[in-house]
file upload-v1.cif (mmCIF, N, CA and C atoms and all ligand atoms)
data_model
loop_
_atom_site.label_atom_id
_atom_site.label_comp_id
_atom_site.auth_asym_id
_atom_site.auth_seq_id
_atom_site.Cartn_x
_atom_site.Cartn_y
_atom_site.Cartn_z
N MET A 25 0.84 -1.21 0.00
CA MET A 25 0.00 0.00 0.00
C MET A 25 0.86 1.25 0.00
N VAL A 26 1.86 1.22 0.84
CA VAL A 26 2.74 2.39 0.92
C VAL A 26 3.46 2.60 -0.41
N ALA A 27 3.93 1.49 -0.98
CA ALA A 27 4.64 1.60 -2.25
C ALA A 27 3.72 2.15 -3.33
N ALA A 28 2.46 1.69 -3.34
CA ALA A 28 1.51 2.14 -4.36
C ALA A 28 1.27 3.64 -4.23
N SER A 29 1.11 4.12 -3.01
CA SER A 29 0.82 5.54 -2.85
C SER A 29 2.05 6.38 -3.20
N LEU A 30 3.22 5.84 -2.95
CA LEU A 30 4.44 6.55 -3.34
C LEU A 30 4.51 6.67 -4.86
N LEU A 31 4.11 5.60 -5.51
CA LEU A 31 4.14 5.57 -6.97
C LEU A 31 3.18 6.62 -7.54
N VAL A 32 1.97 6.68 -6.93
CA VAL A 32 0.98 7.66 -7.37
C VAL A 32 1.53 9.08 -7.17
N THR A 33 2.11 9.32 -6.01
CA THR A 33 2.68 10.63 -5.73
C THR A 33 3.75 10.98 -6.77
N PHE A 34 4.53 9.98 -7.11
CA PHE A 34 5.60 10.22 -8.07
C PHE A 34 5.02 10.63 -9.42
N PHE A 35 4.00 9.91 -9.88
CA PHE A 35 3.45 10.23 -11.20
C PHE A 35 2.72 11.57 -11.21
N LEU A 36 2.01 11.85 -10.12
CA LEU A 36 1.33 13.14 -10.04
C LEU A 36 2.36 14.27 -10.08
N GLY A 37 3.42 14.08 -9.33
CA GLY A 37 4.47 15.09 -9.30
C GLY A 37 5.15 15.23 -10.63
N TYR A 38 5.29 14.12 -11.31
CA TYR A 38 6.00 14.15 -12.58
C TYR A 38 5.22 14.91 -13.64
N ASN A 39 3.89 14.74 -13.62
CA ASN A 39 3.07 15.38 -14.66
C ASN A 39 2.78 16.85 -14.37
N LYS A 40 3.00 17.26 -13.14
CA LYS A 40 2.65 18.63 -12.78
C LYS A 40 3.66 19.60 -13.37
N CYS A 41 3.15 20.77 -13.75
CA CYS A 41 4.05 21.83 -14.18
C CYS A 41 4.84 22.31 -12.98
N MET A 42 6.08 22.65 -13.24
CA MET A 42 6.89 23.19 -12.15
C MET A 42 6.81 24.70 -12.15
N ARG A 43 7.07 25.24 -10.97
CA ARG A 43 7.12 26.69 -10.86
C ARG A 43 8.52 27.18 -11.20
N THR A 44 8.57 28.17 -12.05
CA THR A 44 9.85 28.72 -12.47
C THR A 44 10.41 29.62 -11.37
N PRO A 45 11.68 30.01 -11.48
CA PRO A 45 12.23 30.97 -10.51
C PRO A 45 11.41 32.26 -10.45
N ALA A 46 10.63 32.55 -11.50
CA ALA A 46 9.80 33.76 -11.50
C ALA A 46 8.42 33.48 -10.88
N GLY A 47 8.19 32.23 -10.42
CA GLY A 47 6.95 31.92 -9.72
C GLY A 47 5.78 31.57 -10.62
N LYS A 48 6.05 31.31 -11.90
CA LYS A 48 4.98 30.94 -12.82
C LYS A 48 5.09 29.47 -13.18
N GLU A 49 3.94 28.87 -13.48
CA GLU A 49 3.97 27.47 -13.87
C GLU A 49 4.34 27.35 -15.34
N CYS A 50 5.27 26.44 -15.61
CA CYS A 50 5.72 26.28 -16.99
C CYS A 50 6.12 24.84 -17.21
N ARG A 51 5.61 24.24 -18.27
CA ARG A 51 5.90 22.82 -18.47
C ARG A 51 7.29 22.59 -19.08
N PHE A 52 7.96 23.66 -19.45
CA PHE A 52 9.31 23.50 -20.00
C PHE A 52 10.39 23.61 -18.93
N TYR A 53 10.01 24.15 -17.78
CA TYR A 53 10.99 24.33 -16.71
C TYR A 53 11.10 23.07 -15.87
N TYR A 54 12.31 22.71 -15.53
CA TYR A 54 12.54 21.53 -14.71
C TYR A 54 13.61 21.82 -13.68
N GLN A 55 13.36 21.41 -12.46
CA GLN A 55 14.39 21.58 -11.44
C GLN A 55 14.47 20.34 -10.57
N ASP A 56 15.66 20.10 -10.05
CA ASP A 56 15.89 18.96 -9.19
C ASP A 56 16.88 19.36 -8.11
N PHE A 57 16.38 19.51 -6.91
CA PHE A 57 17.25 19.87 -5.80
C PHE A 57 17.39 18.71 -4.81
N HIS A 58 16.98 17.50 -5.26
CA HIS A 58 17.02 16.36 -4.35
C HIS A 58 18.43 15.79 -4.22
N ARG A 59 18.69 15.24 -3.06
CA ARG A 59 19.93 14.52 -2.80
C ARG A 59 21.16 15.33 -3.20
N GLY A 60 21.16 16.57 -2.81
CA GLY A 60 22.34 17.40 -3.04
C GLY A 60 22.53 17.88 -4.45
N ARG A 61 21.57 17.51 -5.33
CA ARG A 61 21.69 17.99 -6.70
C ARG A 61 21.14 19.41 -6.80
N SER A 62 21.64 20.15 -7.71
CA SER A 62 21.10 21.47 -7.96
C SER A 62 21.05 21.66 -9.47
N GLU A 63 19.88 21.27 -10.00
CA GLU A 63 19.75 21.27 -11.46
C GLU A 63 18.55 22.13 -11.84
N GLN A 64 18.75 23.07 -12.71
CA GLN A 64 17.65 23.87 -13.24
C GLN A 64 17.79 23.91 -14.75
N VAL A 65 16.72 23.58 -15.42
CA VAL A 65 16.79 23.45 -16.87
C VAL A 65 15.56 24.09 -17.51
N CYS A 66 15.76 24.79 -18.61
CA CYS A 66 14.65 25.19 -19.46
C CYS A 66 14.72 24.30 -20.70
N ARG A 67 13.75 23.40 -20.80
CA ARG A 67 13.79 22.44 -21.91
C ARG A 67 13.52 23.09 -23.25
N LEU A 68 12.82 24.22 -23.21
CA LEU A 68 12.53 24.92 -24.45
C LEU A 68 13.82 25.49 -25.05
N VAL A 69 14.61 26.12 -24.21
CA VAL A 69 15.87 26.70 -24.68
C VAL A 69 16.88 25.60 -25.01
N GLU A 70 16.85 24.55 -24.21
CA GLU A 70 17.76 23.43 -24.42
C GLU A 70 17.62 22.84 -25.82
N ALA A 71 16.40 22.90 -26.36
CA ALA A 71 16.12 22.33 -27.67
C ALA A 71 16.55 23.25 -28.81
N SER A 72 17.01 24.45 -28.49
CA SER A 72 17.43 25.40 -29.53
C SER A 72 18.94 25.59 -29.48
N PRO A 73 19.65 24.92 -30.38
CA PRO A 73 21.12 25.01 -30.34
C PRO A 73 21.65 26.43 -30.60
N GLN A 74 20.86 27.24 -31.30
CA GLN A 74 21.34 28.58 -31.63
C GLN A 74 21.12 29.58 -30.50
N SER A 75 20.50 29.13 -29.42
CA SER A 75 20.21 30.03 -28.31
C SER A 75 21.41 30.20 -27.40
N ALA A 76 21.48 31.35 -26.74
CA ALA A 76 22.46 31.54 -25.68
C ALA A 76 22.06 30.65 -24.50
N ALA A 77 22.99 30.36 -23.63
CA ALA A 77 22.72 29.48 -22.50
C ALA A 77 21.67 30.09 -21.59
N TRP A 78 20.74 29.24 -21.16
CA TRP A 78 19.66 29.68 -20.30
C TRP A 78 20.16 29.97 -18.89
N GLN A 79 19.61 30.99 -18.27
CA GLN A 79 19.89 31.28 -16.86
C GLN A 79 18.55 31.42 -16.13
N PRO A 80 18.50 31.07 -14.84
CA PRO A 80 17.22 31.15 -14.12
C PRO A 80 16.55 32.51 -14.23
N LYS A 81 17.33 33.59 -14.34
CA LYS A 81 16.74 34.93 -14.40
C LYS A 81 15.97 35.15 -15.71
N ASP A 82 16.23 34.33 -16.72
CA ASP A 82 15.52 34.49 -17.98
C ASP A 82 14.02 34.24 -17.83
N CYS A 83 13.65 33.46 -16.82
CA CYS A 83 12.23 33.18 -16.60
C CYS A 83 11.44 34.45 -16.27
N ALA A 84 12.10 35.43 -15.68
CA ALA A 84 11.40 36.64 -15.25
C ALA A 84 10.78 37.41 -16.41
N THR A 85 11.42 37.37 -17.57
CA THR A 85 10.92 38.13 -18.72
C THR A 85 10.37 37.23 -19.82
N CYS A 86 10.28 35.94 -19.54
CA CYS A 86 9.87 35.00 -20.57
C CYS A 86 8.35 34.99 -20.73
N PRO A 87 7.84 35.08 -21.96
CA PRO A 87 6.39 35.10 -22.17
C PRO A 87 5.74 33.72 -22.23
N VAL A 88 6.53 32.65 -22.17
CA VAL A 88 5.99 31.31 -22.40
C VAL A 88 4.90 30.88 -21.40
N PRO A 89 5.06 31.12 -20.07
CA PRO A 89 3.96 30.71 -19.16
C PRO A 89 2.62 31.35 -19.54
N GLU A 90 2.63 32.61 -19.96
CA GLU A 90 1.38 33.27 -20.37
C GLU A 90 0.83 32.63 -21.63
N ILE A 91 1.72 32.28 -22.55
CA ILE A 91 1.28 31.66 -23.80
C ILE A 91 0.62 30.32 -23.51
N LEU A 92 1.25 29.53 -22.62
CA LEU A 92 0.70 28.21 -22.28
C LEU A 92 -0.64 28.33 -21.58
N GLN A 93 -0.78 29.39 -20.78
CA GLN A 93 -2.04 29.60 -20.07
C GLN A 93 -3.15 30.02 -21.02
N ALA A 94 -2.80 30.87 -21.98
CA ALA A 94 -3.81 31.41 -22.90
C ALA A 94 -4.15 30.42 -24.00
N ASN A 95 -3.25 29.49 -24.26
CA ASN A 95 -3.42 28.65 -25.43
C ASN A 95 -3.15 27.19 -25.10
N GLY A 96 -4.20 26.40 -24.99
CA GLY A 96 -4.03 25.00 -24.65
C GLY A 96 -3.94 24.09 -25.86
N ASN A 97 -3.78 24.66 -27.04
CA ASN A 97 -3.76 23.88 -28.27
C ASN A 97 -2.55 22.94 -28.30
N PRO A 98 -2.78 21.62 -28.33
CA PRO A 98 -1.63 20.69 -28.33
C PRO A 98 -0.84 20.73 -29.64
N ASP A 99 -1.40 21.32 -30.69
CA ASP A 99 -0.68 21.40 -31.96
C ASP A 99 0.28 22.59 -32.01
N LEU A 100 0.20 23.44 -31.01
CA LEU A 100 1.07 24.61 -31.00
C LEU A 100 2.47 24.20 -30.54
N VAL A 101 3.43 24.39 -31.41
CA VAL A 101 4.81 24.04 -31.09
C VAL A 101 5.58 25.33 -30.84
N LEU A 102 6.24 25.40 -29.70
CA LEU A 102 6.97 26.62 -29.37
C LEU A 102 8.47 26.41 -29.52
N GLU A 103 9.12 27.50 -29.86
CA GLU A 103 10.58 27.48 -29.96
C GLU A 103 11.09 28.71 -29.24
N GLY A 104 12.03 28.53 -28.36
CA GLY A 104 12.53 29.66 -27.59
C GLY A 104 14.01 29.86 -27.79
N VAL A 105 14.39 31.09 -28.10
CA VAL A 105 15.80 31.42 -28.33
C VAL A 105 16.14 32.63 -27.48
N ILE A 106 17.22 32.53 -26.73
CA ILE A 106 17.66 33.66 -25.93
C ILE A 106 18.69 34.46 -26.73
N HIS A 107 18.38 35.73 -26.88
CA HIS A 107 19.33 36.64 -27.53
C HIS A 107 20.02 37.44 -26.44
N LYS A 108 21.33 37.46 -26.50
CA LYS A 108 22.09 38.18 -25.47
C LYS A 108 21.97 39.68 -25.64
N GLY A 109 21.81 40.13 -26.88
CA GLY A 109 21.74 41.57 -27.12
C GLY A 109 23.10 42.22 -27.02
N PHE A 110 23.14 43.51 -27.25
CA PHE A 110 24.40 44.24 -27.24
C PHE A 110 24.93 44.36 -25.82
N LEU A 111 26.12 43.82 -25.57
CA LEU A 111 26.75 43.81 -24.24
C LEU A 111 25.85 43.19 -23.17
N GLY A 112 24.92 42.36 -23.60
CA GLY A 112 24.03 41.72 -22.64
C GLY A 112 22.96 42.64 -22.09
N LEU A 113 22.83 43.83 -22.68
CA LEU A 113 21.87 44.80 -22.14
C LEU A 113 20.45 44.50 -22.59
N ASN A 114 20.32 43.95 -23.78
CA ASN A 114 18.98 43.68 -24.31
C ASN A 114 18.67 42.19 -24.30
N ARG A 115 19.17 41.52 -23.29
CA ARG A 115 18.94 40.09 -23.20
C ARG A 115 17.44 39.81 -23.15
N ARG A 116 16.99 38.92 -24.04
CA ARG A 116 15.56 38.63 -24.05
C ARG A 116 15.32 37.25 -24.66
N MET A 117 14.18 36.73 -24.34
CA MET A 117 13.75 35.46 -24.90
C MET A 117 12.84 35.72 -26.09
N GLU A 118 13.21 35.17 -27.22
CA GLU A 118 12.34 35.29 -28.39
C GLU A 118 11.60 33.97 -28.56
N VAL A 119 10.28 34.06 -28.62
CA VAL A 119 9.47 32.86 -28.76
C VAL A 119 8.83 32.83 -30.14
N ARG A 120 9.02 31.73 -30.81
CA ARG A 120 8.35 31.55 -32.09
C ARG A 120 7.38 30.38 -31.98
N ALA A 121 6.26 30.50 -32.64
CA ALA A 121 5.24 29.45 -32.54
C ALA A 121 4.91 28.93 -33.93
N PHE A 122 4.53 27.68 -33.95
CA PHE A 122 4.32 26.94 -35.19
C PHE A 122 3.16 25.98 -34.95
N CYS A 123 2.29 25.85 -35.93
CA CYS A 123 1.20 24.89 -35.80
C CYS A 123 1.59 23.59 -36.50
N SER A 124 1.68 22.51 -35.72
CA SER A 124 2.12 21.24 -36.30
C SER A 124 1.01 20.58 -37.11
N LYS A 125 -0.22 21.07 -36.97
CA LYS A 125 -1.33 20.51 -37.72
C LYS A 125 -1.41 21.14 -39.11
N HIS A 126 -1.23 22.45 -39.18
CA HIS A 126 -1.34 23.14 -40.46
C HIS A 126 0.00 23.50 -41.07
N MET A 127 1.08 23.21 -40.35
CA MET A 127 2.43 23.49 -40.83
C MET A 127 2.61 24.96 -41.22
N ILE A 128 2.12 25.84 -40.38
CA ILE A 128 2.29 27.26 -40.63
C ILE A 128 2.82 27.94 -39.37
N ASP A 129 3.46 29.09 -39.57
CA ASP A 129 3.90 29.90 -38.45
C ASP A 129 2.70 30.56 -37.80
N VAL A 130 2.76 30.67 -36.49
CA VAL A 130 1.69 31.34 -35.76
C VAL A 130 2.22 32.69 -35.29
N PRO A 131 1.74 33.78 -35.90
CA PRO A 131 2.31 35.09 -35.57
C PRO A 131 2.05 35.53 -34.14
N GLN A 132 0.89 35.18 -33.57
CA GLN A 132 0.57 35.57 -32.20
C GLN A 132 0.30 34.32 -31.37
N PRO A 133 1.33 33.79 -30.72
CA PRO A 133 1.15 32.53 -29.99
C PRO A 133 0.09 32.60 -28.90
N GLN A 134 -0.12 33.78 -28.30
CA GLN A 134 -1.16 33.90 -27.26
C GLN A 134 -2.54 33.64 -27.85
N VAL A 135 -2.73 34.10 -29.10
CA VAL A 135 -4.03 33.95 -29.76
C VAL A 135 -4.14 32.54 -30.36
N GLY A 136 -3.03 32.05 -30.87
CA GLY A 136 -3.04 30.71 -31.43
C GLY A 136 -3.10 30.70 -32.95
N CYS A 137 -3.17 29.51 -33.50
CA CYS A 137 -3.18 29.33 -34.94
C CYS A 137 -4.49 29.84 -35.54
N PRO A 138 -4.42 30.75 -36.53
CA PRO A 138 -5.65 31.28 -37.12
C PRO A 138 -6.46 30.21 -37.87
N GLN A 139 -5.78 29.23 -38.43
CA GLN A 139 -6.51 28.17 -39.15
C GLN A 139 -7.24 27.24 -38.19
N CYS A 140 -6.60 26.93 -37.05
CA CYS A 140 -7.27 26.11 -36.04
C CYS A 140 -8.50 26.83 -35.53
N ALA A 141 -8.39 28.15 -35.34
CA ALA A 141 -9.52 28.94 -34.84
C ALA A 141 -10.67 28.89 -35.84
N ARG A 142 -10.35 28.89 -37.13
CA ARG A 142 -11.39 28.87 -38.16
C ARG A 142 -12.10 27.51 -38.19
N GLU A 143 -11.34 26.44 -37.90
CA GLU A 143 -11.94 25.11 -37.94
C GLU A 143 -12.79 24.81 -36.72
N ARG A 144 -12.50 25.49 -35.63
CA ARG A 144 -13.22 25.25 -34.38
C ARG A 144 -14.66 25.70 -34.53
N PRO A 145 -15.63 24.84 -34.23
CA PRO A 145 -17.03 25.28 -34.34
C PRO A 145 -17.32 26.36 -33.30
N ASN A 146 -17.93 27.43 -33.71
CA ASN A 146 -18.28 28.48 -32.75
C ASN A 146 -19.80 28.65 -32.74
N LEU A 147 -20.27 29.49 -31.83
CA LEU A 147 -21.71 29.67 -31.67
C LEU A 147 -22.38 30.15 -32.96
N GLU A 148 -21.67 30.99 -33.67
CA GLU A 148 -22.25 31.55 -34.89
C GLU A 148 -22.57 30.45 -35.93
N SER A 149 -21.63 29.52 -36.11
CA SER A 149 -21.85 28.51 -37.13
C SER A 149 -22.85 27.45 -36.66
N LEU A 150 -23.01 27.32 -35.33
CA LEU A 150 -23.97 26.34 -34.82
C LEU A 150 -25.40 26.87 -34.91
N PHE A 151 -25.56 28.15 -34.59
CA PHE A 151 -26.92 28.70 -34.53
C PHE A 151 -27.23 29.67 -35.66
N GLY A 152 -26.21 30.14 -36.32
CA GLY A 152 -26.40 31.14 -37.37
C GLY A 152 -26.94 30.50 -38.64
N GLY A 153 -27.29 31.38 -39.54
CA GLY A 153 -28.04 30.92 -40.67
C GLY A 153 -27.31 30.47 -41.86
ZN ZN A 201 -3.45 25.08 -36.86
#

call {"tool": "encode", "arguments": {"input": "upload-v1.cif", "output": "C-alpha cells"}}
result
Amino acid sequence: MVAASLLVTFFLGYNKCMRTPAGKECRFYYQDFHRGRSEQVCRLVEASPQSAAWQPKDCATCPVPEILQANGNPDLVLEGVIHKGFLGLNRRMEVRAFCSKHMIDVPQPQVGCPQCARERPNLESLFGG
C-alpha cells in the first residue's frame, strides 16, 4: 500500500508543471534539488542550439507561461531562443510558434493558430443561418 501511494505521488508530481524561478507554472521548466543535486533546466531553450545558455533569471521576462495559459492547443509548437543583445543589455527570450497541424507559423502565440480557430465550431456557425 505504501509503495503504491508513493508511486501515485511520483506520477502526479511528474506530470505537474513546475514553478519557475519567477513563480509561474511552466511545463518547459525543470528543477531537481534532491539529494544534493542542484539542477535547473529550461527544456525549451535546451532544444534550440542557436540560443544563448539559459539562466534562471531568464524566466522573469519569458512570455511562455502566459502563452501556455492562454493557449491550450496541443498542436502549437513553441521554440525559444535567448538573444544576449548588445553587451548583454537587451537580453531577451524570443518565442516563435508553429502549428504542427497546419504546418504554418503562428504570428501571435497567445491567440493561437488562425486556421485552427477557423476550424473550431463556434456559436455563430452552430446557430447562425
Ligand atoms: Zn493550426

call {"tool": "atom_distance", "arguments": {"input": "upload-v1.cif", "atom1": "CA of Phe110 (chain A)", "atom2": "CA of Glu70 (chain A)"}}
result
22.0 Å

call {"tool": "residues_around", "arguments": {"input": "upload-v1.cif", "residues": "Gln64 (chain A)", "least_positions_apart": "6", "cutoff": "12 Å", "atoms": "only C-alpha atoms", "output": "list in words"}}
result
Met42, Arg43, Thr44, Pro45, Phe52, Tyr53, Tyr54, Gln55, Asp56, Phe57, His58, Glu70, Ala77, Trp78, Gln79, Pro80, Lys81, Asp82 and Cys83 of chain A

call {"tool": "residues_near_ligand", "arguments": {"input": "upload-v1.cif", "ligand": "ligand ZN 201 (chain A)", "cutoff": "5 Å", "atoms": "only N, CA and C atoms and all ligand atoms", "output": "number ranges by chain"}}
result
A: 123, 125-126, 137, 139-140

call {"tool": "closest_residue", "arguments": {"input": "upload-v1.cif", "among": "A:Val105, A:Ala121, A:Ala46, A:Val130", "to": "Ala71 (chain A)", "atoms": "only C-alpha atoms"}}
result
A:Val105

call {"tool": "atom_distance", "arguments": {"input": "upload-v1.cif", "atom1": "CA of Asn95 (chain A)", "atom2": "CA of Arg115 (chain A)"}}
result
25.2 Å

call {"tool": "residues_around", "arguments": {"input": "upload-v1.cif", "residues": "region 117-120 of chain A", "least_positions_apart": "2", "cutoff": "8 Å", "atoms": "all atoms listed in the file", "output": "list in words"}}
result
Asp82, Thr85, Cys86, Pro87, Val88, Val101, Leu102, Glu103, Gly104, Val105, Ile106, His107, Lys108, Asn114, Arg115, Phe122, Cys123, Asp129, Val130, Pro131 and Pro133 of chain A

call {"tool": "select_by_dssp", "arguments": {"input": "upload-v1.cif", "residues": "chain A", "states": "strand (DSSP E or B)", "output": "number ranges by chain"}}
result
A: 42-43, 49-50, 53-56, 63-66, 100-107, 116-123, 128-130

call {"tool": "closest_residue", "arguments": {"input": "upload-v1.cif", "among": "A:Ile91, A:Ala76, A:Leu113, A:Val69", "to": "Val135 (chain A)", "atoms": "all atoms listed in the file"}}
result
A:Ile91

call {"tool": "select_by_dssp", "arguments": {"input": "upload-v1.cif", "residues": "region 26-108 of chain A", "states": "alpha helix (DSSP H)", "output": "PDB file with N, CA and C atoms, in the frame of the given file"}}
result
ATOM      1  N   VAL A  26       1.860   1.220   0.840  1.00  0.00           N
ATOM      2  CA  VAL A  26       2.740   2.390   0.920  1.00  0.00           C
ATOM      3  C   VAL A  26       3.460   2.600  -0.410  1.00  0.00           C
ATOM      4  N   ALA A  27       3.930   1.490  -0.980  1.00  0.00           N
ATOM      5  CA  ALA A  27       4.640   1.600  -2.250  1.00  0.00           C
ATOM      6  C   ALA A  27       3.720   2.150  -3.330  1.00  0.00           C
ATOM      7  N   ALA A  28       2.460   1.690  -3.340  1.00  0.00           N
ATOM      8  CA  ALA A  28       1.510   2.140  -4.360  1.00  0.00           C
ATOM      9  C   ALA A  28       1.270   3.640  -4.230  1.00  0.00           C
ATOM     10  N   SER A  29       1.110   4.120  -3.010  1.00  0.00           N
ATOM     11  CA  SER A  29       0.820   5.540  -2.850  1.00  0.00           C
ATOM     12  C   SER A  29       2.050   6.380  -3.200  1.00  0.00           C
ATOM     13  N   LEU A  30       3.220   5.840  -2.950  1.00  0.00           N
ATOM     14  CA  LEU A  30       4.440   6.550  -3.340  1.00  0.00           C
ATOM     15  C   LEU A  30       4.510   6.670  -4.860  1.00  0.00           C
ATOM     16  N   LEU A  31       4.110   5.600  -5.510  1.00  0.00           N
ATOM     17  CA  LEU A  31       4.140   5.570  -6.970  1.00  0.00           C
ATOM     18  C   LEU A  31       3.180   6.620  -7.540  1.00  0.00           C
ATOM     19  N   VAL A  32       1.970   6.680  -6.930  1.00  0.00           N
ATOM     20  CA  VAL A  32       0.980   7.660  -7.370  1.00  0.00           C
ATOM     21  C   VAL A  32       1.530   9.080  -7.170  1.00  0.00           C
ATOM     22  N   THR A  33       2.110   9.320  -6.010  1.00  0.00           N
ATOM     23  CA  THR A  33       2.680  10.630  -5.730  1.00  0.00           C
ATOM     24  C   THR A  33       3.750  10.980  -6.770  1.00  0.00           C
ATOM     25  N   PHE A  34       4.530   9.980  -7.110  1.00  0.00           N
ATOM     26  CA  PHE A  34       5.600  10.220  -8.070  1.00  0.00           C
ATOM     27  C   PHE A  34       5.020  10.630  -9.420  1.00  0.00           C
ATOM     28  N   PHE A  35       4.000   9.910  -9.880  1.00  0.00           N
ATOM     29  CA  PHE A  35       3.450  10.230 -11.200  1.00  0.00           C
ATOM     30  C   PHE A  35       2.720  11.570 -11.210  1.00  0.00           C
ATOM     31  N   LEU A  36       2.010  11.850 -10.120  1.00  0.00           N
ATOM     32  CA  LEU A  36       1.330  13.140 -10.040  1.00  0.00           C
ATOM     33  C   LEU A  36       2.360  14.270 -10.080  1.00  0.00           C
ATOM     34  N   GLY A  37       3.420  14.080  -9.330  1.00  0.00           N
ATOM     35  CA  GLY A  37       4.470  15.090  -9.300  1.00  0.00           C
ATOM     36  C   GLY A  37       5.150  15.230 -10.630  1.00  0.00           C
ATOM     37  N   TYR A  38       5.290  14.120 -11.310  1.00  0.00           N
ATOM     38  CA  TYR A  38       6.000  14.150 -12.580  1.00  0.00           C
ATOM     39  C   TYR A  38       5.220  14.910 -13.640  1.00  0.00           C
ATOM     40  N   ASN A  39       3.890  14.740 -13.620  1.00  0.00           N
ATOM     41  CA  ASN A  39       3.070  15.380 -14.660  1.00  0.00           C
ATOM     42  C   ASN A  39       2.780  16.850 -14.370  1.00  0.00           C
ATOM     43  N   ARG A  67      13.750  23.400 -20.800  1.00  0.00           N
ATOM     44  CA  ARG A  67      13.790  22.440 -21.910  1.00  0.00           C
ATOM     45  C   ARG A  67      13.520  23.090 -23.250  1.00  0.00           C
ATOM     46  N   LEU A  68      12.820  24.220 -23.210  1.00  0.00           N
ATOM     47  CA  LEU A  68      12.530  24.920 -24.450  1.00  0.00           C
ATOM     48  C   LEU A  68      13.820  25.490 -25.050  1.00  0.00           C
ATOM     49  N   VAL A  69      14.610  26.120 -24.210  1.00  0.00           N
ATOM     50  CA  VAL A  69      15.870  26.700 -24.680  1.00  0.00           C
ATOM     51  C   VAL A  69      16.880  25.600 -25.010  1.00  0.00           C
ATOM     52  N   GLU A  70      16.850  24.550 -24.210  1.00  0.00           N
ATOM     53  CA  GLU A  70      17.760  23.430 -24.420  1.00  0.00           C
ATOM     54  C   GLU A  70      17.620  22.840 -25.820  1.00  0.00           C
ATOM     55  N   VAL A  88       6.530  32.650 -22.170  1.00  0.00           N
ATOM     56  CA  VAL A  88       5.990  31.310 -22.400  1.00  0.00           C
ATOM     57  C   VAL A  88       4.900  30.880 -21.400  1.00  0.00           C
ATOM     58  N   PRO A  89       5.060  31.120 -20.070  1.00  0.00           N
ATOM     59  CA  PRO A  89       3.960  30.710 -19.160  1.00  0.00           C
ATOM     60  C   PRO A  89       2.620  31.350 -19.540  1.00  0.00           C
ATOM     61  N   GLU A  90       2.630  32.610 -19.960  1.00  0.00           N
ATOM     62  CA  GLU A  90       1.380  33.270 -20.370  1.00  0.00           C
ATOM     63  C   GLU A  90       0.830  32.630 -21.630  1.00  0.00           C
ATOM     64  N   ILE A  91       1.720  32.280 -22.550  1.00  0.00           N
ATOM     65  CA  ILE A  91       1.280  31.660 -23.800  1.00  0.00           C
ATOM     66  C   ILE A  91       0.620  30.320 -23.510  1.00  0.00           C
ATOM     67  N   LEU A  92       1.250  29.530 -22.620  1.00  0.00           N
ATOM     68  CA  LEU A  92       0.700  28.210 -22.280  1.00  0.00           C
ATOM     69  C   LEU A  92      -0.640  28.330 -21.580  1.00  0.00           C
ATOM     70  N   GLN A  93      -0.780  29.390 -20.780  1.00  0.00           N
ATOM     71  CA  GLN A  93      -2.040  29.600 -20.070  1.00  0.00           C
ATOM     72  C   GLN A  93      -3.150  30.020 -21.020  1.00  0.00           C
ATOM     73  N   ALA A  94      -2.800  30.870 -21.980  1.00  0.00           N
ATOM     74  CA  ALA A  94      -3.810  31.410 -22.900  1.00  0.00           C
ATOM     75  C   ALA A  94      -4.150  30.420 -24.000  1.00  0.00           C
TER      76      ALA A  94
END

call {"tool": "atom_distance", "arguments": {"input": "upload-v1.cif", "atom1": "atom C of Leu92 (chain A)", "atom2": "CA of Pro145 (chain A)"}}
result
21.0 Å

call {"tool": "decode", "arguments": {"input": "upload-v1.cif", "residues": "region 102-113 of chain A", "atoms": "N, CA and C atoms", "output": "compact mmCIF listing (two decimals), in the first residue's frame"}}
result
# COMPACT_ATOMS: atom_id res chain seq x y z
N LEU A 102 6.24 25.40 -29.70
CA LEU A 102 6.97 26.62 -29.37
C LEU A 102 8.47 26.41 -29.52
N GLU A 103 9.12 27.50 -29.86
CA GLU A 103 10.58 27.48 -29.96
C GLU A 103 11.09 28.71 -29.24
N GLY A 104 12.03 28.53 -28.36
CA GLY A 104 12.53 29.66 -27.59
C GLY A 104 14.01 29.86 -27.79
N VAL A 105 14.39 31.09 -28.10
CA VAL A 105 15.80 31.42 -28.33
C VAL A 105 16.14 32.63 -27.48
N ILE A 106 17.22 32.53 -26.73
CA ILE A 106 17.66 33.66 -25.93
C ILE A 106 18.69 34.46 -26.73
N HIS A 107 18.38 35.73 -26.88
CA HIS A 107 19.33 36.64 -27.53
C HIS A 107 20.02 37.44 -26.44
N LYS A 108 21.33 37.46 -26.50
CA LYS A 108 22.09 38.18 -25.47
C LYS A 108 21.97 39.68 -25.64
N GLY A 109 21.81 40.13 -26.88
CA GLY A 109 21.74 41.57 -27.12
C GLY A 109 23.10 42.22 -27.02
N PHE A 110 23.14 43.51 -27.25
CA PHE A 110 24.40 44.24 -27.24
C PHE A 110 24.93 44.36 -25.82
N LEU A 111 26.12 43.82 -25.57
CA LEU A 111 26.75 43.81 -24.24
C LEU A 111 25.85 43.19 -23.17
N GLY A 112 24.92 42.36 -23.60
CA GLY A 112 24.03 41.72 -22.64
C GLY A 112 22.96 42.64 -22.09
N LEU A 113 22.83 43.83 -22.68
CA LEU A 113 21.87 44.80 -22.14
C LEU A 113 20.45 44.50 -22.59
